[in-house]
Amino acid sequence: MRPNKEPPYKHGTIARTAIVLVNLGTPDAPTTPAVRRYLRQFLSDPRVVEIPKAVWWFILNGIILPFRSSKSAAKYASIWTNDGSPLRVHTERQTSLLRGYLGERGHDVQVVHAMRYGRPGLPEVLEKLKADGCDRILIVPAYPQYSGTTTASIFDAVFKHYSTVRNVPELRLVKHYHDNEGYIQALKKSVLAHWDNHGKPEKLVMSFHGVPKRTLMLGDPYHCECQKTGRLLAQQLQLGPEQYVVTFQSRFGKAEWLQPYTAPTLQKLAREGTRRVDVICPGFISDCLETLEEIAMEAKQDFLTAGGKEFHYVPCLNEDHAWISGLAEIAEQHMIGWPTVLTPMMREEVRKEAEVSRQQASLLGARE
């Protein structure tokens, strides 16, 4: 494979550091053509669907894309905001706030975001950072729990991109932060804030994105990391085993996936007499289709239809300041040894920029 053309190398150039927050991605619009393009890219990833390529090509192009795209577009339309896709909006705001928090902590780093599928694509973002002189890159997946279907796919894309680059930057990759203190504390604070406003439920349901059970049998640590996140959060909330349950959502196809499944669990709780449940999705750091439509709308209807009386969805961490502070700490831990410290004058300028970013994020949040 022929390397991409390199920008001119200049001796004595000060190498810069960059952080790339990488999320899953989103369609450009809640329309059938846009969703079809997005699904084609997403579902063509062999990390996501581990079915023989020839067989899957027929299923994807002959069944899924022609029939599922319009249905998915309608679901996206139900959560779309004036600013666009919630996942994209939250990821952009998180990136801006993280840049400000790190600046206030004295770090001179670029902070940008990319999408594994859709735009801005990871290859183009990495190419832009190289043109900007960034020779140290920290990749931060937006997935607290590691899975070969998600985190590893991001790593694949990074390695594939740099396989065509002659002068490869120094790379660091965050594998997971499912048990990170800052992440767990941010989840705790978000749940307690919700309970302060709405009271406590009879049961807290922690719903994580599902994956096929065979991934666990093949050595994927995702199931164990989800369970650990749930256990740590329950401990922080002082919940007994009977007061919470870890479930898995977004099942697709006929194969067995990680259990218990979220929707049937909610229906079972309702039939058994549970009047109120709260549902939180700790595996997502940004609200998106899987949380706002699948949980806050569909799962709610499942619970109420089965006899439940009160359903509360606890939003994702999004732009929560406790979470952005925790994310900054995760980034700092992985940048140890890299020269990123600002001068006092630069710190003051960054502090002012960070304050403006926070004010803008607060204003945007208030509009929604």
# chains A, B, ... in the order shown; residues from 1 in each chain; ligands from 1
$ select_by_dssp --residues "range 73-223 of chain A" --states "strand (DSSP E)" --output "PyMOL selection string"
chain A and resi 110-117+134-141+170-173+203-209
$ write_last_selection --atoms "C-alpha atoms" --output "mmCIF file, in the first residue's frame"
data_model
loop_
_atom_site.group_PDB
_atom_site.id
_atom_site.type_symbol
_atom_site.label_atom_id
_atom_site.label_comp_id
_atom_site.auth_asym_id
_atom_site.auth_seq_id
_atom_site.Cartn_x
_atom_site.Cartn_y
_atom_site.Cartn_z
ATOM 1 C CA GLN A 110 -5.875 19.979 20.680
ATOM 2 C CA VAL A 111 -9.158 18.224 21.444
ATOM 3 C CA VAL A 112 -11.306 17.114 18.527
ATOM 4 C CA HIS A 113 -14.004 14.539 17.899
ATOM 5 C CA ALA A 114 -14.548 11.935 15.201
ATOM 6 C CA MET A 115 -17.120 9.303 14.303
ATOM 7 C CA ARG A 116 -16.361 5.678 13.553
ATOM 8 C CA TYR A 117 -19.214 5.725 11.025
ATOM 9 C CA CYS A 134 0.247 16.890 15.940
ATOM 10 C CA ASP A 135 2.800 14.142 16.534
ATOM 11 C CA ARG A 136 1.251 12.707 19.706
ATOM 12 C CA ILE A 137 -2.305 11.358 19.438
ATOM 13 C CA LEU A 138 -4.492 10.016 22.243
ATOM 14 C CA ILE A 139 -7.562 8.087 21.055
ATOM 15 C CA VAL A 140 -10.456 8.114 23.557
ATOM 16 C CA PRO A 141 -13.402 5.894 22.544
ATOM 17 C CA GLU A 170 3.148 8.517 18.713
ATOM 18 C CA LEU A 171 -0.127 6.802 19.557
ATOM 19 C CA ARG A 172 -1.893 6.007 22.806
ATOM 20 C CA LEU A 173 -5.257 4.259 22.986
ATOM 21 C CA LYS A 203 -36.036 -0.902 41.000
ATOM 22 C CA LEU A 204 -33.103 0.671 39.126
ATOM 23 C CA VAL A 205 -32.548 -0.954 35.737
ATOM 24 C CA MET A 206 -29.057 -0.507 34.259
ATOM 25 C CA SER A 207 -29.424 -1.168 30.547
ATOM 26 C CA PHE A 208 -26.298 -1.732 28.437
ATOM 27 C CA HIS A 209 -26.111 -2.236 24.687
#
$ select_by_dssp --residues "range 76-110 of chain A" --states "helix (DSSP H, G or I)" --output "list in words"
Tyr76, Ala77, Ser78, Ile79, Pro86, Leu87, Arg88, Val89, His90, Thr91, Glu92, Arg93, Gln94, Thr95, Ser96, Leu97, Leu98, Arg99, Gly100, Tyr101, Leu102, Gly103 and Glu104 of chain A
$ residues_around --residues "Tyr146 in chain A" --least-positions-apart "3" --cutoff "7 Å" --atoms "only C-alpha atoms" --output "list in words"
Tyr143, Thr151, Lys175, His176, Pro221 and Tyr222 of chain A
$ residues_around --residues "range 236-253 of chain A" --least-positions-apart "5" --cutoff "9 Å" --atoms "only C-alpha atoms" --output "count of residues only"
31
$ atom_distance --atom1 "CA of Thr229 in chain A" --atom2 "CA of Tyr177 in chain A"
9.3 Å
$ residues_around --residues "Val35 in chain A" --least-positions-apart "4" --cutoff "12 Å" --atoms "only C-alpha atoms" --output "PyMOL selection string"
chain A and resi 25-31+39-43+64-77+85+117-118
